[in-house]
>>> print(open('coords-v3.cif').read())   # mmCIF, C-alpha atoms
data_input
loop_
_atom_site.label_atom_id
_atom_site.label_comp_id
_atom_site.auth_asym_id
_atom_site.auth_seq_id
_atom_site.Cartn_x
_atom_site.Cartn_y
_atom_site.Cartn_z
CA MET A 1 289.31 23.17 79.53
CA PHE A 2 285.75 24.26 78.78
CA ASP A 3 285.92 27.45 80.87
CA GLY A 4 283.34 29.15 78.62
CA LEU A 5 280.65 26.54 79.34
CA HIS A 6 281.49 26.60 83.04
CA LYS A 7 280.96 30.37 83.27
CA ALA A 8 277.80 30.34 81.16
CA PHE A 9 276.00 27.75 83.27
CA SER A 10 277.32 29.09 86.61
CA ASN A 11 276.18 32.64 85.85
CA ALA A 12 272.73 31.47 84.82
CA ALA A 13 272.28 29.33 87.94
CA LYS A 14 273.45 32.18 90.18
CA SER A 15 271.16 34.74 88.51
CA LEU A 16 268.13 32.49 88.87
CA GLY A 17 268.98 31.95 92.52
CA GLU A 18 269.15 35.66 93.35
CA LYS A 19 265.75 36.81 92.08
CA GLU A 20 262.10 36.64 93.00
CA LEU A 21 261.26 34.84 89.79
CA ASN A 22 258.41 35.39 87.44
CA GLU A 23 258.13 34.31 83.82
CA LYS A 24 259.78 37.51 82.57
CA ASP A 25 262.80 37.03 84.86
CA ILE A 26 263.21 33.46 83.65
CA LYS A 27 262.97 34.58 80.02
CA ASP A 28 265.58 37.33 80.51
CA ILE A 29 268.07 35.02 82.23
CA LEU A 30 267.62 32.29 79.62
CA PHE A 31 268.29 34.88 76.91
CA GLU A 32 271.57 35.81 78.63
CA LEU A 33 272.40 32.09 78.86
CA GLU A 34 271.72 31.71 75.15
CA ILE A 35 274.19 34.50 74.31
CA SER A 36 276.86 32.97 76.55
CA LEU A 37 276.39 29.52 74.99
CA LEU A 38 276.58 30.93 71.48
CA GLU A 39 279.88 32.56 72.45
CA SER A 40 281.04 29.12 73.64
CA ASP A 41 280.34 27.62 70.20
CA VAL A 42 277.22 25.73 71.27
CA ALA A 43 274.88 25.03 68.34
CA GLY A 44 271.41 26.55 68.27
CA GLU A 45 269.74 23.13 68.49
CA VAL A 46 271.55 22.41 71.76
CA ILE A 47 270.71 25.82 73.23
CA ASP A 48 267.02 25.43 72.39
CA SER A 49 266.98 21.99 74.00
CA ILE A 50 268.68 23.21 77.20
CA LYS A 51 266.45 26.29 77.49
CA SER A 52 263.26 24.33 76.85
CA ASP A 53 264.26 21.67 79.39
CA LEU A 54 265.03 24.19 82.10
CA LYS A 55 261.95 26.35 81.53
CA GLU A 56 259.70 23.31 81.65
CA LYS A 57 261.17 22.25 84.97
CA LEU A 58 261.07 25.75 86.49
CA ILE A 59 257.53 26.65 85.48
CA GLY A 60 255.15 24.89 87.82
CA SER A 61 257.83 23.73 90.26
CA LYS A 62 258.07 24.64 93.90
CA VAL A 63 261.60 25.16 95.14
CA ASP A 64 262.96 26.49 98.40
CA LYS A 65 264.49 29.89 97.68
CA ASN A 66 267.86 28.83 99.10
CA GLU A 67 267.91 25.77 96.87
CA ILE A 68 267.15 27.43 93.51
CA GLU A 69 270.78 27.73 92.38
CA LYS A 70 271.46 24.05 93.08
CA PHE A 71 268.13 23.10 91.49
CA VAL A 72 269.08 24.92 88.27
CA LYS A 73 272.61 23.47 88.22
CA ASP A 74 271.29 19.94 88.72
CA ASN A 75 268.85 20.42 85.85
CA PHE A 76 271.61 21.68 83.56
CA ILE A 77 273.64 18.58 84.41
CA SER A 78 270.66 16.29 83.88
CA SER A 79 269.83 17.89 80.53
CA ILE A 80 273.38 17.60 79.16
CA SER A 81 273.81 14.10 80.57
CA SER A 82 270.65 13.02 78.75
CA LEU A 83 272.01 14.52 75.54
CA PHE A 84 275.04 12.21 75.72
CA ASP A 85 273.02 9.21 76.91
CA ASN A 86 270.57 9.49 74.02
CA VAL A 87 273.33 8.78 71.46
CA GLY A 88 274.89 6.01 73.53
CA ASP A 89 278.52 4.90 73.33
CA ILE A 90 280.51 2.56 71.10
CA ASP A 91 282.87 -0.14 72.36
CA ILE A 92 285.24 -0.30 69.38
CA PHE A 93 287.34 -3.09 70.84
CA GLU A 94 284.30 -5.29 71.34
CA LYS A 95 283.40 -4.78 67.67
CA ILE A 96 286.96 -5.61 66.59
CA ASP A 97 286.80 -8.84 68.60
CA GLU A 98 283.53 -9.80 66.88
CA LYS A 99 285.19 -9.45 63.44
CA LYS A 100 288.24 -11.41 64.63
CA LYS A 101 285.98 -14.36 65.45
CA GLN A 102 284.90 -14.27 61.79
CA ASN A 103 288.56 -14.08 60.64
CA GLN A 104 287.84 -10.72 59.06
CA PRO A 105 289.69 -7.39 59.52
CA PHE A 106 287.88 -4.46 61.12
CA LEU A 107 287.86 -1.46 58.77
CA ILE A 108 287.83 2.15 59.98
CA VAL A 109 287.74 5.18 57.67
CA PHE A 110 288.88 8.56 59.05
CA VAL A 111 287.29 11.67 57.50
CA GLY A 112 287.67 15.40 58.07
CA ILE A 113 289.25 18.47 56.49
CA ASN A 114 292.92 19.43 56.34
CA GLY A 115 294.44 20.89 59.47
CA THR A 116 292.18 19.22 62.03
CA GLY A 117 294.73 16.58 63.04
CA LYS A 118 293.04 13.72 61.20
CA THR A 119 296.22 11.89 60.15
CA THR A 120 297.82 12.33 63.58
CA SER A 121 294.63 11.09 65.26
CA LEU A 122 294.73 7.99 63.05
CA ALA A 123 298.31 7.35 64.17
CA LYS A 124 297.34 7.83 67.84
CA PHE A 125 294.51 5.36 67.45
CA ALA A 126 296.88 2.88 65.76
CA SER A 127 299.17 3.19 68.77
CA LEU A 128 296.21 2.54 71.09
CA LEU A 129 295.33 -0.59 69.11
CA GLN A 130 298.91 -1.80 69.43
CA GLU A 131 298.69 -1.38 73.21
CA LYS A 132 295.59 -3.60 73.11
CA LYS A 133 297.61 -6.21 71.18
CA TYR A 134 295.78 -5.80 67.87
CA SER A 135 297.64 -5.96 64.55
CA VAL A 136 297.19 -2.94 62.28
CA VAL A 137 297.72 -1.91 58.66
CA ILE A 138 297.36 1.71 57.48
CA ALA A 139 296.03 2.78 54.07
CA ALA A 140 297.33 6.08 52.65
CA ALA A 141 294.17 6.90 50.71
CA ASP A 142 294.87 10.63 50.83
CA THR A 143 296.39 10.90 47.36
CA PHE A 144 295.40 14.54 47.01
CA ARG A 145 297.35 16.57 49.60
CA ALA A 146 301.05 17.09 48.99
CA GLY A 147 303.10 15.41 51.71
CA ALA A 148 300.19 13.36 53.05
CA ILE A 149 301.72 9.99 52.13
CA GLU A 150 305.12 10.98 53.56
CA GLN A 151 303.50 12.13 56.80
CA LEU A 152 301.65 8.85 57.20
CA ARG A 153 304.78 6.84 56.28
CA GLU A 154 306.69 8.62 59.06
CA HIS A 155 304.02 7.62 61.60
CA ALA A 156 304.05 4.04 60.27
CA ASN A 157 307.83 3.85 60.64
CA ARG A 158 307.74 5.18 64.21
CA LEU A 159 305.04 2.70 65.18
CA ASN A 160 306.55 -0.14 63.12
CA LEU A 161 303.34 -0.63 61.13
CA LYS A 162 302.65 -1.76 57.56
CA LEU A 163 301.66 1.09 55.21
CA VAL A 164 299.81 0.49 51.94
CA ALA A 165 300.26 3.40 49.52
CA GLN A 166 300.32 4.29 45.83
CA ASN A 167 301.33 7.42 43.91
CA TYR A 168 299.69 10.80 44.28
CA GLU A 169 296.52 11.25 42.21
CA SER A 170 295.90 7.52 42.35
CA ASP A 171 292.34 6.36 42.99
CA PRO A 172 291.85 6.58 46.80
CA ALA A 173 289.29 3.76 46.70
CA ALA A 174 291.87 1.47 45.02
CA VAL A 175 294.40 2.19 47.78
CA ALA A 176 291.81 1.38 50.44
CA ARG A 177 290.88 -1.85 48.65
CA ASP A 178 294.55 -2.92 48.44
CA ALA A 179 294.93 -2.40 52.19
CA VAL A 180 291.87 -4.54 52.87
CA LEU A 181 293.20 -7.32 50.63
CA TYR A 182 296.56 -7.17 52.42
CA ALA A 183 294.84 -7.39 55.83
CA LYS A 184 292.79 -10.42 54.77
CA SER A 185 295.80 -12.27 53.36
CA HIS A 186 297.97 -11.52 56.40
CA LYS A 187 295.18 -12.01 58.98
CA THR A 188 295.56 -8.43 60.24
CA ASP A 189 293.03 -7.33 62.86
CA CYS A 190 292.42 -3.71 61.80
CA VAL A 191 292.69 -1.50 58.72
CA LEU A 192 292.87 2.25 59.32
CA ILE A 193 292.13 4.25 56.16
CA ASP A 194 293.29 7.87 55.89
CA THR A 195 291.38 10.06 53.43
CA ALA A 196 292.01 13.45 51.86
CA GLY A 197 291.10 16.47 53.95
CA ARG A 198 288.17 17.57 51.90
CA MET A 199 286.35 20.86 52.25
CA GLN A 200 282.79 20.07 53.24
CA THR A 201 281.55 22.50 50.58
CA SER A 202 283.18 20.55 47.71
CA LYS A 203 280.57 18.18 46.36
CA ASN A 204 282.96 16.30 44.04
CA LEU A 205 285.50 15.66 46.78
CA MET A 206 282.78 14.59 49.21
CA GLU A 207 281.51 12.14 46.61
CA GLN A 208 284.98 10.57 46.49
CA ILE A 209 284.62 9.71 50.17
CA GLU A 210 281.27 8.12 49.36
CA LYS A 211 283.06 6.03 46.72
CA ILE A 212 285.67 4.80 49.22
CA THR A 213 282.99 3.71 51.66
CA LYS A 214 281.06 1.91 48.92
CA VAL A 215 284.18 0.06 47.68
CA VAL A 216 285.51 -1.17 51.03
CA ASN A 217 282.27 -1.09 53.08
CA PRO A 218 283.96 -0.02 56.36
CA ASP A 219 282.78 -1.25 59.74
CA MET A 220 283.13 2.24 61.16
CA THR A 221 283.65 5.79 59.92
CA ILE A 222 285.10 8.38 62.31
CA PHE A 223 284.89 12.14 61.82
CA VAL A 224 287.88 14.13 63.12
CA GLY A 225 287.21 17.76 64.08
CA ASP A 226 289.22 20.57 65.62
CA SER A 227 287.77 21.66 68.98
CA LEU A 228 289.26 25.12 68.58
CA ALA A 229 287.43 25.74 65.27
CA GLY A 230 284.16 26.03 67.20
CA ASN A 231 281.03 26.39 65.10
CA ASP A 232 282.99 25.74 61.92
CA THR A 233 283.74 22.24 63.21
CA VAL A 234 280.04 21.74 63.93
CA ASN A 235 279.15 22.85 60.39
CA GLN A 236 281.79 20.49 58.98
CA ALA A 237 280.36 17.59 60.97
CA ARG A 238 276.83 18.43 59.86
CA GLU A 239 277.85 18.52 56.18
CA PHE A 240 280.03 15.38 56.32
CA TYR A 241 277.19 13.50 57.96
CA LYS A 242 274.94 14.21 54.98
CA TYR A 243 277.37 12.40 52.66
CA VAL A 244 278.92 9.85 55.00
CA LYS A 245 276.90 8.65 57.95
CA PHE A 246 279.87 8.50 60.32
CA ASP A 247 279.55 6.59 63.58
CA GLY A 248 281.37 8.90 66.00
CA SER A 249 283.87 11.71 66.36
CA ILE A 250 287.35 12.47 67.61
CA LEU A 251 287.86 16.06 68.75
CA THR A 252 291.46 17.23 68.60
CA LYS A 253 293.21 19.97 70.61
CA SER A 254 290.71 19.56 73.44
CA ASP A 255 293.39 20.39 76.01
CA ALA A 256 293.44 23.96 74.63
CA ASP A 257 289.66 24.29 74.24
CA ALA A 258 288.48 27.03 76.60
CA LYS A 259 284.90 26.99 75.28
CA GLY A 260 283.80 23.35 75.14
CA GLY A 261 280.74 23.78 72.95
CA ALA A 262 281.92 21.58 70.07
CA ALA A 263 281.38 18.29 71.92
CA LEU A 264 277.80 19.16 72.86
CA SER A 265 276.98 20.49 69.41
CA ILE A 266 278.35 17.62 67.32
CA VAL A 267 276.52 15.07 69.47
CA LYS A 268 273.25 16.96 69.00
CA VAL A 269 273.44 17.76 65.27
CA THR A 270 274.66 14.29 64.18
CA SER A 271 273.13 12.06 66.89
CA THR A 272 276.49 10.29 67.18
CA PRO A 273 278.83 10.08 70.19
CA VAL A 274 282.19 11.74 70.76
CA LEU A 275 284.55 8.77 71.01
CA TYR A 276 287.94 10.30 71.86
CA LEU A 277 289.57 13.62 72.71
CA GLY A 278 293.01 14.58 71.48
CA THR A 279 294.84 16.14 74.41
CA GLY A 280 298.43 16.60 73.21
CA GLN A 281 301.10 15.75 70.64
CA GLU A 282 302.22 12.34 71.90
CA TYR A 283 300.77 9.07 70.66
CA SER A 284 299.41 8.42 74.14
CA ASP A 285 297.48 11.72 74.12
CA LEU A 286 294.21 10.22 72.92
CA LYS A 287 291.69 9.90 75.74
CA HIS A 288 288.39 8.07 75.67
CA PHE A 289 285.56 10.59 76.02
CA ASP A 290 283.92 10.23 79.42
CA LYS A 291 280.60 11.97 79.97
CA ASN A 292 281.12 12.30 83.73
CA ILE A 293 284.58 13.83 83.34
CA PHE A 294 283.10 16.34 80.88
CA LEU A 295 280.32 17.24 83.33
CA GLU A 296 282.78 17.57 86.24
CA THR A 297 285.01 19.84 84.14
CA VAL A 298 282.04 22.12 83.37
CA PHE A 299 280.07 21.95 86.63
CA GLY A 300 282.48 20.74 89.32
CA SER A 301 281.93 17.76 91.61
CA LEU A 302 278.96 15.51 90.84
CA ASN A 303 279.01 13.79 94.24
CA ASP A 304 275.74 15.37 95.37
CA VAL A 305 274.02 15.14 91.99
CA LYS A 306 271.91 12.15 91.02
CA ILE A 307 272.27 11.51 87.28
CA GLU A 308 269.78 9.13 85.77
CA LYS A 309 271.27 7.14 82.89
CA ILE A 310 268.96 6.76 79.91
CA ASP A 311 268.81 3.49 78.04
CA ALA A 312 268.30 4.73 74.49
CA SER A 313 267.21 1.26 73.31
CA ALA A 314 264.53 0.83 75.95
CA PRO A 315 260.92 1.76 75.11
CA GLU A 316 259.57 4.87 76.75
CA PRO A 317 257.56 4.02 79.86
CA GLU A 318 253.85 4.68 79.85
CA PRO A 319 253.09 7.91 81.73
CA THR A 320 251.65 7.28 85.17
CA PRO A 321 248.55 9.37 85.80
CA GLU A 322 248.97 11.68 88.74
CA PRO A 323 246.59 10.89 91.58
CA THR A 324 243.99 13.50 92.40
CA PRO A 325 245.20 15.20 95.57
CA GLU A 326 242.96 14.92 98.58
CA PRO A 327 241.64 18.30 99.75
CA GLU A 328 243.38 19.43 102.90
CA PRO A 329 241.00 19.38 105.85
CA THR A 330 240.33 22.73 107.43
CA PRO A 331 241.59 22.54 111.00
CA GLU A 332 238.89 23.07 113.59
CA PRO A 333 239.55 25.83 116.10
CA ILE A 334 240.16 24.56 119.60
CA SER A 335 237.97 27.30 121.03
CA ASP A 336 234.73 29.06 120.14
CA ASP A 337 236.92 32.10 119.52
CA PRO A 338 238.19 31.90 115.86
CA PHE A 339 241.24 33.95 116.90
CA TYR A 340 242.06 31.84 119.94
CA GLY A 341 245.78 31.97 120.78
CA ILE A 342 246.47 34.89 118.46
CA LYS A 343 247.54 38.17 120.01
CA ASP A 344 245.67 41.34 119.14
CA ASN A 345 248.82 43.03 117.87
CA GLU A 346 249.47 40.04 115.52
CA ILE A 347 245.93 40.32 114.15
CA ALA A 348 246.48 44.04 113.65
CA LYS A 349 249.84 43.49 111.91
CA TYR A 350 248.41 40.88 109.55
CA SER A 351 245.47 43.17 108.77
CA ASP A 352 247.84 46.07 108.14
CA LEU A 353 250.30 44.12 105.95
CA PHE A 354 247.78 42.35 103.74
CA ASP A 355 244.99 44.97 103.70
CA ILE A 356 242.39 42.54 105.10
CA PRO A 357 238.95 43.99 105.98
CA PRO A 358 237.14 42.76 109.10
CA PRO A 359 235.26 39.48 108.50
CA GLU A 360 231.51 39.81 108.01
CA SER A 361 230.54 36.33 109.20
CA ASP A 362 231.62 33.61 111.59
CA ALA A 363 232.79 31.45 108.66
CA GLU A 364 235.02 34.25 107.36
CA ALA A 365 236.41 34.80 110.86
CA ILE A 366 237.35 31.11 111.21
CA LYS A 367 239.00 31.11 107.79
CA LEU A 368 240.92 34.30 108.59
CA GLY A 369 242.09 32.92 111.93
CA ASN A 370 243.52 29.85 110.20
CA LYS A 371 245.35 32.08 107.67
CA ILE A 372 246.92 34.13 110.47
CA ARG A 373 248.07 30.99 112.29
CA GLN A 374 249.75 29.75 109.07
CA TRP A 375 251.33 33.16 108.58
CA LEU A 376 252.77 33.01 112.10
CA LYS A 377 254.01 29.46 111.47
CA ASP A 378 255.81 30.60 108.29
CA GLY A 379 257.74 33.25 110.21
CA LYS A 380 255.53 36.28 109.46
CA PRO A 381 256.65 36.85 105.85
CA LYS A 382 255.94 40.25 104.35
CA PRO A 383 253.91 40.59 101.14
CA GLY A 384 255.89 39.15 98.23
CA GLU A 385 258.05 37.00 100.51
CA SER A 386 257.51 33.29 100.81
CA LYS A 387 259.27 30.30 102.28
CA VAL A 388 258.53 28.43 99.04
CA ILE A 389 258.61 29.96 95.57
CA SER A 390 256.00 28.88 93.03
CA PHE A 391 256.96 29.78 89.49
CA ASN A 392 253.54 29.20 87.96
CA ASP A 393 251.50 31.46 90.22
CA GLU A 394 251.87 34.81 88.51
CA GLU A 395 249.09 36.33 90.63
CA GLU A 396 250.99 35.56 93.84
CA ILE A 397 254.28 36.82 92.39
CA HIS A 398 252.81 40.22 91.55
CA LYS A 399 250.71 40.45 94.70
CA GLN A 400 253.16 42.71 96.50
CA ASP A 401 252.80 45.54 93.97
CA LYS A 402 249.02 45.46 94.26
CA GLU A 403 249.09 45.41 98.05
CA GLU A 404 251.58 48.28 98.29
CA GLU A 405 249.24 50.49 96.26
CA SER A 406 246.14 49.75 98.29
CA LYS A 407 247.57 49.34 101.79
CA LYS A 408 245.47 51.13 104.42
CA LYS A 409 245.58 51.20 108.17
CA ARG A 410 242.82 49.10 109.74
CA GLY A 411 241.79 48.53 113.33
CA LEU A 412 241.61 45.28 115.29
CA PHE A 413 238.99 42.72 114.40
CA GLY A 414 238.14 42.11 118.03
CA ARG A 415 236.80 38.75 119.10
CA PHE A 416 234.01 36.87 117.30
CA LYS A 417 232.09 34.25 119.16
CA LYS A 418 230.63 31.31 117.32
#
>>> encode(input="coords-v3.cif", output="structure tokens")
Amino acid sequence: MFDGLHKAFSNAAKSLGEKELNEKDIKDILFELEISLLESDVAGEVIDSIKSDLKEKLIGSKVDKNEIEKFVKDNFISSISSLFDNVGDIDIFEKIDEKKKQNQPFLIVFVGINGTGKTTSLAKFASLLQEKKYSVVIAAADTFRAGAIEQLREHANRLNLKLVAQNYESDPAAVARDAVLYAKSHKTDCVLIDTAGRMQTSKNLMEQIEKITKVVNPDMTIFVGDSLAGNDTVNQAREFYKYVKFDGSILTKSDADAKGGAALSIVKVTSTPVLYLGTGQEYSDLKHFDKNIFLETVFGSLNDVKIEKIDASAPEPEPTPEPTPEPEPTPEPISDDPFYGIKDNEIAKYSDLFDIPPPESDAEAIKLGNKIRQWLKDGKPKPGESKVISFNDEEEIHKQDKEEESKKKRGLFGRFKK
């Protein structure tokens, strides 16, 4: 599953890890990432959020060159993890138990268009409720699609559940109301209401769903989308959410989803969680959506990644002002000679590499001696090379080109006495 997302993020992390980065390099690689994510059915809002997050963390950060790829991967994981954390999760069974204490049934309306697996997902969820020892009644409120009532009756017979139905073209809201009345009189724990698979572009049909929700006032509305439909599923979710503020989603056919962008996109555009994934044809093939399993599928093991969980209900902490850094003391030379301990050929090499003119004062000589000592400590990097990469120092990044143009052979500085 989700091979498209895996490749998109892996390629971006690898590309960023292989280059001497400046702002243009970052921009180019993020553009390539954007194209890959679009091909994986990730919505534009999600892409903008991921790109903005990563660019903000890269610009102004100092990262060891060998650690850039891991740094980028960790930031991808953190960004996507935050996306899921911001919408939270829903414990449906806890909510059902709360209604049971009030001797009231818990009402769930399933919405979505034809062909997404909505009716089958309802049956799978009914089976899950049975496993949890809840009693269930199903309402066949899809009185529009031919064969819809028969399909739901077949599921009800297999699961040995009560089905409330009327004739085709009956008022769907009346069917839903009858099911609720039955549940109250028989002390049934849950009512699952199937609705017609309505095209999200049909205003009249969408308004019928609004009517059902107004008549029965459900405790939860679940949108069912087809993972394989990609951006079309995202558009459906966006449009349904305008008419019916659903609480979460079930994504079907996730076992065959090679792209994986639908889960990210629906969470972002509706600010609601993905609740379950359909992973097969059996009643047991309905899996609770787990953020960490999703991240492991896309990025691999999370053992060495620290993921901070966001409490969406908690107030944002006040920003802590950064302390003013103390200026680093200039080390005093241990000899009157500012170049004490430095070989003449090392002074000559530094002068040659970095096009440094001879110092004109004792103060300049001391400063230059300290720079050469640091250069030796860093392993004698050539111009443009650095043990640590700073993404916000454009002057340093482009220094090599300038030095190559103006490099001239210079003699030794000799020794300067204080």
>>> resolve_selection(input="coords-v3.cif", expression="the PyMOL selection byres ((chain A and resi 142) around 8)", output="PDB file with C-alpha atoms, in the coordinates of the input")
ATOM      1  CA  ALA A 140     297.330   6.080  52.650  1.00  0.00           C
ATOM      2  CA  ALA A 141     294.170   6.900  50.710  1.00  0.00           C
ATOM      3  CA  THR A 143     296.390  10.900  47.360  1.00  0.00           C
ATOM      4  CA  PHE A 144     295.400  14.540  47.010  1.00  0.00           C
ATOM      5  CA  ARG A 145     297.350  16.570  49.600  1.00  0.00           C
ATOM      6  CA  ALA A 148     300.190  13.360  53.050  1.00  0.00           C
ATOM      7  CA  ILE A 149     301.720   9.990  52.130  1.00  0.00           C
ATOM      8  CA  PRO A 172     291.850   6.580  46.800  1.00  0.00           C
ATOM      9  CA  ASP A 194     293.290   7.870  55.890  1.00  0.00           C
ATOM     10  CA  THR A 195     291.380  10.060  53.430  1.00  0.00           C
ATOM     11  CA  ALA A 196     292.010  13.450  51.860  1.00  0.00           C
ATOM     12  CA  GLY A 197     291.100  16.470  53.950  1.00  0.00           C
TER      13      GLY A 197
END
>>> atom_distance(input="coords-v3.cif", atom1="CA of Val234 in chain A", atom2="CA of Ala256 in chain A")
17.3 Å
>>> closest_residue(input="coords-v3.cif", among="A:Val111, A:Ala156, A:Val191, A:Leu251", to="Asp285 in chain A", atoms="only C-alpha atoms")
A:Leu251
>>> residues_near_point(input="coords-v3.cif", point="(295.6, 5.2, 71.2)", cutoff="12 Å", atoms="all atoms listed in the file", output="ChimeraX atom specification")
/A:92-93,120-134,159,250,275-288
>>> closest_residue(input="coords-v3.cif", among="A:Asn231, A:Ser361, A:Thr270, A:Asn370", to="Ser40 in chain A", atoms="only C-alpha atoms")
A:Asn231
>>> atom_distance(input="coords-v3.cif", atom1="CA of Tyr182 in chain A", atom2="CA of Leu161 in chain A")
12.8 Å
>>> atom_distance(input="coords-v3.cif", atom1="CA of Ala174 in chain A", atom2="CA of Glu207 in chain A")
15.0 Å
>>> closest_residue(input="coords-v3.cif", among="A:Glu39, A:Glu34, A:Asp337, A:Asp219", to="Lys367 in chain A", atoms="all atoms listed in the file")
A:Asp337
>>> resolve_selection(input="coords-v3.cif", expression="the PyMOL selection byres ((chain A and resi 115) around 12)", output="list in words")
Val111, Gly112, Ile113, Asn114, Thr116, Gly117, Lys118, Thr119, Thr120, Ser121, Arg145, Ala148, Ala196, Gly197, Arg198, Met199, Val224, Gly225, Asp226, Ser227, Leu228, Ala229, Thr233, Thr252 and Lys253 of chain A
>>> residues_around(input="coords-v3.cif", residues="Asn75 in chain A", least_positions_apart="3", cutoff="8 Å", atoms="all atoms listed in the file", output="count of residues only")
6
>>> resolve_selection(input="coords-v3.cif", expression="the PyMOL selection byres ((chain A and resi 338-351) around 6)", output="PyMOL selection string")
chain A and resi 337+352-356+366+369+412
>>> residues_near_point(input="coords-v3.cif", point="(273.9, 15.0, 58.1)", cutoff="12 Å", atoms="only C-alpha atoms", output="list of chain:residue names")
A:Gln200, A:Phe223, A:Val234, A:Asn235, A:Gln236, A:Ala237, A:Arg238, A:Glu239, A:Phe240, A:Tyr241, A:Lys242, A:Tyr243, A:Val244, A:Lys245, A:Phe246, A:Asp247, A:Ile266, A:Val267, A:Lys268, A:Val269, A:Thr270, A:Ser271, A:Thr272
